[in-house]
Amino acid sequence: MRRALELALQGCGRVSPNPLVGCVIAKGGRIIAGGFHGKFGGPHAEADALGKAGAEAAGADAYVTLEPCVRFEGKKTPSCAEAVVKAGVKRVFVAVRDPNPNVAGKGIELLKQAGVEVVEGICEDDAGEANKFFFKFVRTKRPYVILKMAVSLDGKIWSPETSSISNPQFAGMVQKLRNDCDAILVGSGTVITDNPRLTCRMPQGRDPLRAIVDCNLESPVNSKVFNDANCAVFCLRNADGNKRKALEKRGIRIIETEAGEDGDRLNLERVFATLGEMKITSVLVEGGRKIASSVVREGLYDECVLAIAPKILGEGTPAFESGVEIGFGNASVQTVGDNAVFTIRKR
Ligand code: AOF
Ligand code: ZN
């Protein structure tokens, strides 16, 4: 199952809104074949592995990181549970059930009905972790939200003196997060002060959708985030009409959203709900202070990845507005070069 989980992760950033799934076929303690779901709309993990195993699959065991799927309306590929039965697999080890209501236990049931032995719950926690985006999305229709921040020891995210607060190793982690997440979200403040590209520069990486929260469409039209149409801008109803036309001409989606309770901001809950409707299963929030503060204050994150760099910047922009609190009750810490990186899960 550990090998199957390793294989599953090879689909990172490639299969959304589908889950990451890996499958290993084994016989007499020996692995015959392994496969994974590598592309949205493409073959499932079981189909990939069974295809490689061929006739050898008869009488073998299958290890799958997610319950094999069944037929349902609108599905793009054949039923994996049926394929497993047809191949003559004797036993199936399943890490976790598929929360998709179209599957949810029906795959396990089909296997058992056909006389296949099923063992559930192998590496269940790791399998749930690997598919945290899919699980949250299927259960709530909202994306999994990761708030990423790099902060100096005196709590600043920006200073006039320093171009980068965290170290290159953490920057590498951020590139991997960009590859894995369906969208990156920033506010117009970040676009205006940093003019970032917000692309994934990891080798063979995949660029996420760039989601910009810009109430009054204040970001310059020649900002790098508007370099291509893989971008959506959330604004208020009465935002600058000319700016809107200029962006739309470039193929950029402009999405009107209601204001939040304090009037000068967008209702971020609505923004995430809309991203969910767009089948965005995961969002990496990359700042700045205003967005990060709202996300924390409104409890909209699932996970906060907070890098603390051993620097005192003195002057600069504080990470959060005053009064914002992140509970560290559910945090783990790792050292990444000379940075301490906290991963805080919302309980
Ligand atoms: C599996 N193995 O590798 C995956 C599964 O439209 P389709 O045919 O790609 O089906 C998508 C659904 O199948 C998806 O929503 C999820 O419930 C399940 N994904 N199941 O047995 C796989 N990727
Ligand atoms: Zn399937």
# chains A, B, ... in the order shown; residues from 1 in each chain; ligands from 1
call {"tool": "residues_around", "arguments": {"residues": "Asn330 (chain A)", "least_positions_apart": "5", "cutoff": "8 Å", "atoms": "only C-alpha atoms", "output": "PyMOL selection string"}}
result
chain A and resi 344-347
call {"tool": "residues_near_ligand", "arguments": {"ligand": "ligand 1", "cutoff": "10 Å", "atoms": "only C-alpha atoms and all ligand atoms", "output": "NGL selection string"}}
result
:A and (8 or 11 or 15-23 or 35-49 or 64-84 or 97-104 or 107 or 134-135 or 138)
call {"tool": "closest_residue", "arguments": {"among": "A:Ala246, A:Ile32, A:Ile146, A:Val225", "to": "Thr343 (chain A)", "atoms": "only C-alpha atoms"}}
result
A:Ile146
call {"tool": "residues_around", "arguments": {"residues": "Glu248 (chain A)", "least_positions_apart": "2", "cutoff": "12 Å", "atoms": "only C-alpha atoms", "output": "list in words"}}
result
Val221, Phe226, Asp228, Ala229, Asn230, Cys231, Ala232, Val233, Gly241, Asn242, Lys243, Arg244, Lys245, Ala246, Arg250, Gly251, Ile252, Arg253, Ile254 and Ile255 of chain A
call {"tool": "atom_distance", "arguments": {"atom1": "CA of Ala60 (chain A)", "atom2": "CA of Leu5 (chain A)"}}
result
18.8 Å
call {"tool": "select_by_dssp", "arguments": {"residues": "region 71-129 of chain A", "states": "alpha helix (DSSP H)", "output": "VMD selection string"}}
result
chain A and resid 80 to 86 106 to 113 124 to 129
call {"tool": "residues_around", "arguments": {"residues": "Thr162 (chain A)", "least_positions_apart": "2", "cutoff": "12 Å", "atoms": "only C-alpha atoms", "output": "list in words"}}
result
Val151, Ser152, Lys156, Ile157, Trp158, Ser159, Pro160, Ser164, Ile165, Ser166, Asn167, Lys311, Ile312, Leu313, Gly314, Glu315, Gly316 and Thr317 of chain A
call {"tool": "write_last_selection", "arguments": {"atoms": "N, CA, C and O atoms", "output": "PDB file, in the first residue's frame"}}
result
ATOM      1  N   VAL A 151       7.492  34.864   7.118  1.00  0.00           N
ATOM      2  CA  VAL A 151       7.481  35.954   8.088  1.00  0.00           C
ATOM      3  C   VAL A 151       8.849  36.059   8.756  1.00  0.00           C
ATOM      4  O   VAL A 151       9.491  35.046   9.025  1.00  0.00           O
ATOM      5  N   SER A 152       9.275  37.285   9.029  1.00  0.00           N
ATOM      6  CA  SER A 152      10.535  37.465   9.763  1.00  0.00           C
ATOM      7  C   SER A 152      10.283  37.228  11.248  1.00  0.00           C
ATOM      8  O   SER A 152       9.132  37.139  11.682  1.00  0.00           O
ATOM      9  N   LYS A 156       7.248  40.401  10.137  1.00  0.00           N
ATOM     10  CA  LYS A 156       7.021  41.205   8.927  1.00  0.00           C
ATOM     11  C   LYS A 156       6.994  40.301   7.683  1.00  0.00           C
ATOM     12  O   LYS A 156       7.748  39.333   7.589  1.00  0.00           O
ATOM     13  N   ILE A 157       6.127  40.655   6.728  1.00  0.00           N
ATOM     14  CA  ILE A 157       6.101  39.897   5.464  1.00  0.00           C
ATOM     15  C   ILE A 157       6.743  40.682   4.328  1.00  0.00           C
ATOM     16  O   ILE A 157       6.908  40.180   3.218  1.00  0.00           O
ATOM     17  N   TRP A 158       7.084  41.919   4.598  1.00  0.00           N
ATOM     18  CA  TRP A 158       7.694  42.738   3.546  1.00  0.00           C
ATOM     19  C   TRP A 158       8.492  43.847   4.224  1.00  0.00           C
ATOM     20  O   TRP A 158       8.095  44.352   5.272  1.00  0.00           O
ATOM     21  N   SER A 159       9.641  44.183   3.636  1.00  0.00           N
ATOM     22  CA  SER A 159      10.371  45.352   4.135  1.00  0.00           C
ATOM     23  C   SER A 159      11.033  46.030   2.949  1.00  0.00           C
ATOM     24  O   SER A 159      11.307  45.387   1.923  1.00  0.00           O
ATOM     25  N   PRO A 160      11.299  47.325   3.051  1.00  0.00           N
ATOM     26  CA  PRO A 160      11.919  48.023   1.916  1.00  0.00           C
ATOM     27  C   PRO A 160      13.329  47.515   1.628  1.00  0.00           C
ATOM     28  O   PRO A 160      13.830  47.647   0.519  1.00  0.00           O
ATOM     29  N   SER A 164      13.529  39.043  -0.346  1.00  0.00           N
ATOM     30  CA  SER A 164      12.975  37.732  -0.006  1.00  0.00           C
ATOM     31  C   SER A 164      13.206  37.444   1.470  1.00  0.00           C
ATOM     32  O   SER A 164      14.325  37.574   1.969  1.00  0.00           O
ATOM     33  N   ILE A 165      12.145  37.055   2.144  1.00  0.00           N
ATOM     34  CA  ILE A 165      12.259  36.824   3.591  1.00  0.00           C
ATOM     35  C   ILE A 165      12.670  35.391   3.890  1.00  0.00           C
ATOM     36  O   ILE A 165      13.581  35.142   4.655  1.00  0.00           O
ATOM     37  N   SER A 166      12.008  34.430   3.218  1.00  0.00           N
ATOM     38  CA  SER A 166      12.341  33.022   3.481  1.00  0.00           C
ATOM     39  C   SER A 166      13.563  32.629   2.651  1.00  0.00           C
ATOM     40  O   SER A 166      14.083  33.420   1.874  1.00  0.00           O
ATOM     41  N   ASN A 167      14.009  31.364   2.797  1.00  0.00           N
ATOM     42  CA  ASN A 167      15.223  30.923   2.089  1.00  0.00           C
ATOM     43  C   ASN A 167      14.874  30.138   0.808  1.00  0.00           C
ATOM     44  O   ASN A 167      13.704  29.838   0.553  1.00  0.00           O
ATOM     45  N   LYS A 311      15.366  36.513  10.935  1.00  0.00           N
ATOM     46  CA  LYS A 311      15.779  37.875  10.582  1.00  0.00           C
ATOM     47  C   LYS A 311      14.917  38.865  11.342  1.00  0.00           C
ATOM     48  O   LYS A 311      13.715  38.633  11.493  1.00  0.00           O
ATOM     49  N   ILE A 312      15.525  39.950  11.772  1.00  0.00           N
ATOM     50  CA  ILE A 312      14.755  41.056  12.333  1.00  0.00           C
ATOM     51  C   ILE A 312      14.793  42.159  11.283  1.00  0.00           C
ATOM     52  O   ILE A 312      15.861  42.645  10.920  1.00  0.00           O
ATOM     53  N   LEU A 313      13.629  42.505  10.742  1.00  0.00           N
ATOM     54  CA  LEU A 313      13.612  43.482   9.644  1.00  0.00           C
ATOM     55  C   LEU A 313      13.386  44.912  10.130  1.00  0.00           C
ATOM     56  O   LEU A 313      13.684  45.864   9.429  1.00  0.00           O
ATOM     57  N   GLY A 314      12.869  45.036  11.323  1.00  0.00           N
ATOM     58  CA  GLY A 314      12.590  46.391  11.814  1.00  0.00           C
ATOM     59  C   GLY A 314      11.421  46.986  11.084  1.00  0.00           C
ATOM     60  O   GLY A 314      10.281  46.594  11.288  1.00  0.00           O
ATOM     61  N   GLU A 315      11.725  47.846  10.141  1.00  0.00           N
ATOM     62  CA  GLU A 315      10.646  48.476   9.379  1.00  0.00           C
ATOM     63  C   GLU A 315      10.000  47.473   8.417  1.00  0.00           C
ATOM     64  O   GLU A 315      10.690  46.597   7.909  1.00  0.00           O
ATOM     65  N   GLY A 316       8.710  47.637   8.137  1.00  0.00           N
ATOM     66  CA  GLY A 316       8.081  46.756   7.153  1.00  0.00           C
ATOM     67  C   GLY A 316       6.614  46.525   7.425  1.00  0.00           C
ATOM     68  O   GLY A 316       6.023  47.143   8.301  1.00  0.00           O
ATOM     69  N   THR A 317       6.031  45.620   6.604  1.00  0.00           N
ATOM     70  CA  THR A 317       4.602  45.323   6.726  1.00  0.00           C
ATOM     71  C   THR A 317       4.397  44.139   7.657  1.00  0.00           C
ATOM     72  O   THR A 317       4.946  43.056   7.405  1.00  0.00           O
TER      73      THR A 317
END
call {"tool": "residues_around", "arguments": {"residues": "Ile291 (chain A)", "least_positions_apart": "5", "cutoff": "9 Å", "atoms": "only C-alpha atoms", "output": "list of chain:residue names"}}
result
A:Leu185, A:Val186, A:Gly187, A:Val213, A:Leu268, A:Val285, A:Glu286, A:Val296
call {"tool": "atom_distance", "arguments": {"atom1": "CA of Leu284 (chain A)", "atom2": "CA of Tyr144 (chain A)"}}
result
8.5 Å
call {"tool": "residues_around", "arguments": {"residues": "Asp194 (chain A)", "least_positions_apart": "4", "cutoff": "10 Å", "atoms": "only C-alpha atoms", "output": "MDAnalysis selection string"}}
result
chainID A and resid 158 163 188:190 223:224
call {"tool": "atom_distance", "arguments": {"atom1": "CA of Val341 (chain A)", "atom2": "CA of Leu306 (chain A)"}}
result
5.5 Å
call {"tool": "residues_around", "arguments": {"residues": "region 262-266 of chain A", "least_positions_apart": "2", "cutoff": "8 Å", "atoms": "only C-alpha atoms", "output": "ChimeraX atom specification"}}
result
/A:213,215,235-236,257-260,268,271
call {"tool": "write_last_selection", "arguments": {"atoms": "N, CA and C atoms", "output": "compact mmCIF listing (two decimals), in the first residue's frame"}}
result
# COMPACT_ATOMS: atom_id res chain seq x y z
N VAL A 213 -8.03 38.90 -6.01
CA VAL A 213 -9.12 39.64 -5.36
C VAL A 213 -8.78 41.13 -5.50
N CYS A 215 -11.11 44.40 -5.49
CA CYS A 215 -12.46 44.98 -5.36
C CYS A 215 -12.77 46.01 -6.44
N CYS A 235 -14.13 40.98 -8.28
CA CYS A 235 -14.27 42.41 -7.97
C CYS A 235 -15.70 42.73 -7.56
N LEU A 236 -15.90 43.97 -7.13
CA LEU A 236 -17.24 44.44 -6.77
C LEU A 236 -18.02 44.79 -8.03
N THR A 257 -18.51 39.89 -7.29
CA THR A 257 -18.81 39.22 -6.01
C THR A 257 -19.31 40.27 -5.03
N GLU A 258 -20.20 39.83 -4.14
CA GLU A 258 -20.73 40.80 -3.17
C GLU A 258 -19.65 41.22 -2.18
N ALA A 259 -19.89 42.36 -1.52
CA ALA A 259 -18.95 42.85 -0.53
C ALA A 259 -19.07 42.04 0.75
N GLY A 260 -17.99 42.04 1.52
CA GLY A 260 -18.04 41.39 2.83
C GLY A 260 -18.75 42.29 3.82
N LEU A 268 -15.15 36.75 1.09
CA LEU A 268 -14.20 35.70 0.69
C LEU A 268 -14.85 34.32 0.69
N VAL A 271 -16.10 33.96 -2.59
CA VAL A 271 -15.01 33.75 -3.55
C VAL A 271 -14.63 32.26 -3.57
call {"tool": "closest_residue", "arguments": {"among": "A:Met202, A:Cys181, A:Val145, A:Val191", "to": "Leu300 (chain A)", "atoms": "only C-alpha atoms"}}
result
A:Val145
call {"tool": "select_by_dssp", "arguments": {"residues": "region 79-301 of chain A", "states": "strand (DSSP E)", "output": "PyMOL selection string"}}
result
chain A and resi 91-94+117-120+144-152+156-158+183-187+209-213+231-235+253-256+282-285
call {"tool": "closest_residue", "arguments": {"among": "A:Gln10, A:Gln113, A:Ser282, A:Ser294", "to": "Asn267 (chain A)", "atoms": "only C-alpha atoms"}}
result
A:Ser294
